[in-house]
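Some notes on the structure that comes next.
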Amino acid sequence: MMNILVDTGSSNFAVAAAPHPYIATFFNRAKSSTYQSSDSTVAVKYTQGDWQGDLGTDVITLPEGPNTTITINIAAILTSDGFFLPGINWQGILGLAYPLLARPDPSVEPFFNSVVQQTGLPDVFSLQMCGAGLPARAGADSAGGSLIMGGAEPTLYRGPVWYTPVLHEWYYQVEVLKLDVDDQSLNLDCREYNSDKAIVDSGTTLLRLPTTVFSALVEAIAQSALVPDFSSGFFSGTKLACWVRGESPWRLFPKLSLYLRATNASESFRLTLLPQLYIQPVTDVEGVLDCFRFGISSSTNGLVMGATLMEGFYVIFDRLNSRLGFAVSSCAEIDGVVVAEISGPFAVDGVASSCASGLPQQEPLMWVVAYTLMALCALVLLILLLLLLVPCSRHHRDGEITDESSLVRHRIK
């Protein structure tokens, strides 16, 4: 049996297929009677780490799903760098984003697309991530969760479900309107929150904010937190903050709220994180001190709602209607205290009609640029060939000059 990391920020299903010092087991392709090689290679790079391997197909069944076999694309990871880490208890990754992010190209059908196509399940899945309040270095089985394919499970959340549109179908890109610290807005232009993109990504550990937003947030937290002269190293992630064991630091920090545009574009709703979600226990020192880290970091490639936020909310990925649903998770509770809140609707007066307008999808744009440059190179090369061939025709008047070769068509991978 293999444990698989569920990742809504990528689109390849990949498993370890060779020994690695940080994993206990791997997929031995030679022992699978249903595995078929595609005779092609694939490489995927993440925010942290990357891997390389071979593409193939295999057959699976869903334990509590339709009674049928499903043929899926699978990547066999042969080499990696910074992908498998010490202490992990998973040996593969299940990418659940849209085909546009699949590697080496979008023709590699992602896992969930195959499930929907071959079983007739609705194009909806939902995810509950549990682990709020658990030490980040705890045993591998301390945190869990649920992945529901084909719909949502009402027992895994409490209260209403609020939906926000998916803006572009590559990552699960949404529109963030503002951010509050203890009900006080950061007063930034809403385009700052969506700089590059704002996505929901279960494969990212922290809540990651664009640099301008992160700086404003840290300043607001430092001003409102009941901790004098707090070390800047804590917020930058270079230092832990420790308290005497049994003394909770959570009462010293403010609530944080992100506002998302609702499916009714004139309204928004609010996701609120209590300090228990973003002031995260890491370890204890000799049984005397409890140490914590800041569960938010700066980002140069957009706002990423990772596990810091998702551990508070049950998220419904309603791809059928191009929307994401949020509700308070049934496991977002620590010592009897619910650590996440959701509320709305709120009017969006004073907010731009489209906070994400004009923001390019970087990867598709890069493909267009790459193909354009290759076309220009081909044109220049063709002109050079013609210039070389024209003088030659003067010396071989009776000979026919032909050139049936063509330029190599490079594909961006």
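Each chain in the structure tokens gets a letter, A, B, ..., in the order shown, and its residues are numbered from 1; ligands are numbered from 1 in order too.
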* DSSP says strand (DSSP E) for which residues of region 189-350 of chain A? Put them as a VMD selection string? -> chain A and resid 198 to 200 207 to 210 241 to 244 256 to 261 267 to 273 279 to 285 289 to 294 296 to 299 303 to 305 313 to 318 323 to 329 333 to 334 337 to 338 340 to 347
* May I have the residues within 12 Å of region 254-257 of chain A as a ChimeraX atom specification, using only C-alpha atoms and disregarding those fewer than 4 positions away in the same chain? => /A:176-186,207,217-218,220-227,249-250,269-279,296,308-309,339-344
* Structure fact -> Using only C-alpha atoms, the residue out of A:Ser231, A:Thr212, A:Asn194, A:Ser126 with shortest distance to Arg323 (chain A) is A:Ser126
* Asked: Using only C-alpha atoms, which residues sit within 10 Å of Met1 (chain A) once same-chain residues fewer than 2 positions away are excluded, as a list in words?
  ->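 After dropping sequence-adjacent residues, the list is Asn3, Ile4, Thr25, Phe26, Phe27 and Gln91 of chain A.
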Go ahead and write the residues just picked, C-alpha atoms, as an mmCIF file, in the first residue's frame.
```cif
data_model
loop_
_atom_site.group_PDB
_atom_site.id
_atom_site.type_symbol
_atom_site.label_atom_id
_atom_site.label_comp_id
_atom_site.auth_asym_id
_atom_site.auth_seq_id
_atom_site.Cartn_x
_atom_site.Cartn_y
_atom_site.Cartn_z
ATOM 1 C CA ASN A 3 0.138 6.838 0.714
ATOM 2 C CA ILE A 4 -0.529 9.605 -1.791
ATOM 3 C CA THR A 25 8.015 1.594 -0.355
ATOM 4 C CA PHE A 26 7.739 2.219 -4.084
ATOM 5 C CA PHE A 27 5.781 1.070 -7.145
ATOM 6 C CA GLN A 91 5.211 8.013 -1.729
#
```
Got a sec to tell me which of region 131-216 of chain A DSSP assigns to helix (DSSP H, G or I), as an mmCIF file with N, CA, C and O atoms, in the first residue's frame?
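That gives us selection_35.cif:
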```
data_model
loop_
_atom_site.group_PDB
_atom_site.id
_atom_site.type_symbol
_atom_site.label_atom_id
_atom_site.label_comp_id
_atom_site.auth_asym_id
_atom_site.auth_seq_id
_atom_site.Cartn_x
_atom_site.Cartn_y
_atom_site.Cartn_z
ATOM 1 N N PRO A 154 -22.042 15.852 3.665
ATOM 2 C CA PRO A 154 -22.523 16.833 4.635
ATOM 3 C C PRO A 154 -22.008 16.636 6.063
ATOM 4 O O PRO A 154 -21.949 17.604 6.831
ATOM 5 N N THR A 155 -21.622 15.415 6.434
ATOM 6 C CA THR A 155 -21.139 15.201 7.799
ATOM 7 C C THR A 155 -19.740 15.762 8.022
ATOM 8 O O THR A 155 -19.274 15.810 9.161
ATOM 9 N N LEU A 156 -19.086 16.171 6.949
ATOM 10 C CA LEU A 156 -17.707 16.674 7.076
ATOM 11 C C LEU A 156 -17.632 18.193 7.206
ATOM 12 O O LEU A 156 -16.544 18.745 7.285
ATOM 13 N N CYS A 190 -7.456 45.919 -4.379
ATOM 14 C CA CYS A 190 -7.765 44.485 -4.445
ATOM 15 C C CYS A 190 -6.908 43.752 -5.468
ATOM 16 O O CYS A 190 -6.730 42.536 -5.385
ATOM 17 N N ARG A 191 -6.350 44.486 -6.426
ATOM 18 C CA ARG A 191 -5.484 43.832 -7.418
ATOM 19 C C ARG A 191 -4.193 43.327 -6.785
ATOM 20 O O ARG A 191 -3.541 42.421 -7.318
ATOM 21 N N GLU A 192 -3.808 43.897 -5.633
ATOM 22 C CA GLU A 192 -2.608 43.425 -4.940
ATOM 23 C C GLU A 192 -2.786 41.977 -4.454
ATOM 24 O O GLU A 192 -1.854 41.184 -4.491
ATOM 25 N N TYR A 193 -3.992 41.652 -4.010
ATOM 26 C CA TYR A 193 -4.241 40.291 -3.506
ATOM 27 C C TYR A 193 -4.199 39.258 -4.627
ATOM 28 O O TYR A 193 -3.905 38.083 -4.396
ATOM 29 N N THR A 211 4.131 39.757 -1.898
ATOM 30 C CA THR A 211 5.047 40.476 -1.009
ATOM 31 C C THR A 211 4.425 41.709 -0.379
ATOM 32 O O THR A 211 4.539 41.929 0.841
ATOM 33 N N THR A 212 3.734 42.532 -1.171
ATOM 34 C CA THR A 212 3.126 43.754 -0.643
ATOM 35 C C THR A 212 2.064 43.429 0.398
ATOM 36 O O THR A 212 1.988 44.065 1.457
ATOM 37 N N VAL A 213 1.252 42.422 0.122
ATOM 38 C CA VAL A 213 0.202 42.021 1.051
ATOM 39 C C VAL A 213 0.813 41.448 2.326
ATOM 40 O O VAL A 213 0.373 41.758 3.444
ATOM 41 N N PHE A 214 1.831 40.615 2.170
ATOM 42 C CA PHE A 214 2.484 40.000 3.326
ATOM 43 C C PHE A 214 3.064 41.066 4.255
ATOM 44 O O PHE A 214 2.882 40.994 5.479
ATOM 45 N N SER A 215 3.743 42.047 3.689
ATOM 46 C CA SER A 215 4.344 43.108 4.518
ATOM 47 C C SER A 215 3.276 43.881 5.281
ATOM 48 O O SER A 215 3.437 44.172 6.475
ATOM 49 N N ALA A 216 2.176 44.205 4.608
ATOM 50 C CA ALA A 216 1.088 44.933 5.258
ATOM 51 C C ALA A 216 0.437 44.088 6.354
ATOM 52 O O ALA A 216 0.089 44.595 7.427
#
```
* **Interatomic distance, CA of Phe13 (chain A) to CA of Asn28 (chain A) (Å, one decimal)** =>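 Here the two named atoms are 15.7 Å from each other.
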I want to know what sits within 9 Å of Glu267 (chain A), based on only C-alpha atoms, with residues of the same chain fewer than 4 positions away left out; could you give that as a short mmCIF file (atom, residue, chain, number, x, y, z; two decimals) with N, CA and C atoms, in the first residue's frame?
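Produced file part.cif, reproduced below:
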```cif
data_model
loop_
_atom_site.label_atom_id
_atom_site.label_comp_id
_atom_site.auth_asym_id
_atom_site.auth_seq_id
_atom_site.Cartn_x
_atom_site.Cartn_y
_atom_site.Cartn_z
N LEU A 260 -13.79 36.65 -0.40
CA LEU A 260 -13.84 36.14 -1.76
C LEU A 260 -15.11 36.63 -2.44
N ARG A 261 -15.01 36.90 -3.75
CA ARG A 261 -16.21 37.28 -4.48
C ARG A 261 -17.16 36.09 -4.56
N ALA A 262 -18.44 36.34 -4.30
CA ALA A 262 -19.45 35.29 -4.36
C ALA A 262 -19.88 35.07 -5.81
N THR A 263 -20.68 34.04 -6.04
CA THR A 263 -21.17 33.78 -7.39
C THR A 263 -22.07 34.93 -7.86
N GLY A 344 -21.41 35.92 5.55
CA GLY A 344 -21.76 36.72 4.39
C GLY A 344 -23.27 36.83 4.30
N PRO A 345 -23.81 37.45 3.29
CA PRO A 345 -23.05 38.16 2.23
C PRO A 345 -22.66 39.57 2.66
N PHE A 346 -21.64 40.10 2.00
CA PHE A 346 -21.21 41.48 2.20
C PHE A 346 -21.24 42.18 0.85
N ALA A 347 -21.63 43.44 0.85
CA ALA A 347 -21.62 44.21 -0.39
C ALA A 347 -20.19 44.47 -0.82
N VAL A 348 -19.97 44.60 -2.10
CA VAL A 348 -18.61 44.83 -2.61
C VAL A 348 -18.44 46.28 -3.06
N ASP A 349 -19.17 47.18 -2.43
CA ASP A 349 -19.05 48.61 -2.76
C ASP A 349 -17.61 49.07 -2.58
#
```
* To do: Compile the contact shell of Arg245 (chain A) as a list in words: residues with an atom at most 7 Å away, counting only C-alpha atoms, same-chain residues fewer than 4 positions apart removed.
  =>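 My reading of the contact set: Val288, Leu289 and Asp290 of chain A.
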Those residues with all heavy atoms, as a tab-separated table (two decimals), in the first residue's frame please?
```
chain	number	residue	atom	x	y	z
A	288	VAL	N	9.63	21.57	28.41
A	288	VAL	CA	9.47	22.81	29.18
A	288	VAL	C	8.82	23.91	28.34
A	288	VAL	O	7.97	24.66	28.82
A	288	VAL	CB	10.83	23.31	29.71
A	288	VAL	CG1	10.67	24.63	30.46
A	288	VAL	CG2	11.44	22.25	30.62
A	289	LEU	N	9.22	24.00	27.07
A	289	LEU	CA	8.71	25.05	26.19
A	289	LEU	C	7.94	24.45	25.01
A	289	LEU	O	8.30	23.40	24.50
A	289	LEU	CB	9.88	25.89	25.65
A	289	LEU	CG	10.74	26.65	26.65
A	289	LEU	CD1	11.90	27.33	25.92
A	289	LEU	CD2	9.92	27.67	27.42
A	290	ASP	N	6.89	25.13	24.61
A	290	ASP	CA	6.19	24.81	23.37
A	290	ASP	C	6.56	25.86	22.34
A	290	ASP	O	6.44	27.07	22.60
A	290	ASP	CB	4.67	24.82	23.58
A	290	ASP	CG	4.18	23.61	24.37
A	290	ASP	OD1	4.82	22.56	24.27
A	290	ASP	OD2	3.17	23.74	25.09
```
* Which residue out of A:Lys197, A:Val337, A:Val351, A:Ala327 has the minimum interatomic distance to Thr300 (chain A) when only C-alpha atoms are used? -> A:Lys197
* Close residues, Leu62 (chain A) itself excluded, 12 Å, only C-alpha atoms, min 5 positions apart in chain, as a PyMOL selection string -> chain A and resi 67-72+111-112+115+118-119+121+147-150
Emit the selected residues as a CSV table (one decimal), in the first residue's frame, including N, CA and C atoms.
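Full text of out06.csv as output:
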```csv
chain,number,residue,atom,x,y,z
A,67,ASN,N,-18.4,0.1,-9.5
A,67,ASN,CA,-17.8,-1.2,-9.6
A,67,ASN,C,-17.3,-1.4,-11.1
A,68,THR,N,-16.2,-0.7,-11.3
A,68,THR,CA,-15.6,-0.8,-12.7
A,68,THR,C,-14.1,-0.5,-12.6
A,69,THR,N,-13.3,-0.9,-13.6
A,69,THR,CA,-11.9,-0.6,-13.6
A,69,THR,C,-11.8,0.7,-14.4
A,70,ILE,N,-10.7,1.5,-14.1
A,70,ILE,CA,-10.5,2.8,-14.7
A,70,ILE,C,-9.0,2.8,-15.2
A,71,THR,N,-8.8,3.1,-16.4
A,71,THR,CA,-7.4,3.3,-16.9
A,71,THR,C,-7.0,4.7,-16.7
A,72,ILE,N,-5.9,4.9,-16.1
A,72,ILE,CA,-5.4,6.2,-15.7
A,72,ILE,C,-3.9,6.4,-16.2
A,111,PHE,N,-5.9,12.4,-13.6
A,111,PHE,CA,-6.6,11.3,-12.9
A,111,PHE,C,-8.1,11.5,-12.8
A,112,PHE,N,-8.5,12.7,-12.2
A,112,PHE,CA,-9.9,12.8,-12.0
A,112,PHE,C,-10.7,13.0,-13.3
A,115,VAL,N,-11.4,9.5,-14.3
A,115,VAL,CA,-12.5,8.9,-13.5
A,115,VAL,C,-13.9,9.4,-13.9
A,118,GLN,N,-14.8,7.9,-17.5
A,118,GLN,CA,-15.0,6.5,-17.6
A,118,GLN,C,-16.1,5.9,-16.6
A,119,THR,N,-16.5,6.7,-15.6
A,119,THR,CA,-17.5,6.2,-14.7
A,119,THR,C,-18.8,6.9,-14.7
A,121,LEU,N,-19.3,9.7,-13.1
A,121,LEU,CA,-19.4,10.5,-11.8
A,121,LEU,C,-19.5,11.9,-12.2
A,147,LEU,N,-11.1,12.7,0.9
A,147,LEU,CA,-11.3,13.1,-0.4
A,147,LEU,C,-12.6,12.4,-0.9
A,148,ILE,N,-13.6,13.2,-1.3
A,148,ILE,CA,-14.8,12.7,-1.8
A,148,ILE,C,-15.0,12.9,-3.3
A,149,MET,N,-15.1,11.9,-4.1
A,149,MET,CA,-15.2,12.1,-5.5
A,149,MET,C,-16.7,12.0,-5.9
A,150,GLY,N,-17.1,12.9,-6.7
A,150,GLY,CA,-18.5,12.9,-7.2
A,150,GLY,C,-19.5,13.8,-6.5
```
* To do: Find the distance between CA of Ser40 (chain A) and CA of Ala18 (chain A) and write it in Å to one decimal.
  => 17.1 Å
* **Surrounding residues of Tyr157 (chain A) excluding itself and chain neighbours under 2 positions, 8 Å, only C-alpha atoms, as a list in words** =>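 That gives Glu153, Pro154, Thr155, Gly159, Phe313, Tyr314, Ala327, Val328, Ser329 and Ser330 of chain A.
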* **One-decimal distance in Å that lies between CA of Ser146 (chain A) and CA of Met2 (chain A)** => 16.0 Å
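You can rank A:Ile199, A:Leu320, A:Leu85, A:Cys242 by their closest distance to Leu303 (chain A) using only C-alpha atoms, and at the top of that list sits A:Ile199.
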* Which is closest to Met310 (chain A) among A:Thr57, A:Ser232, A:Thr204, A:Asn187, if we use only C-alpha atoms? ->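 For Met310 (chain A), the nearest of the candidates is A:Thr204.
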* Looking at A:Ala102, A:Ala16, A:Leu252, A:Ala198, which one is nearest to Ser80 (chain A), with distances taken over only C-alpha atoms? ->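 Closest to Ser80 (chain A), using only C-alpha atoms: A:Ala16.
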* Asked: Closest to Arg319 (chain A) among A:Leu94, A:Leu167, A:Ile60, A:Ala17, using only C-alpha atoms?
  -> A:Leu167
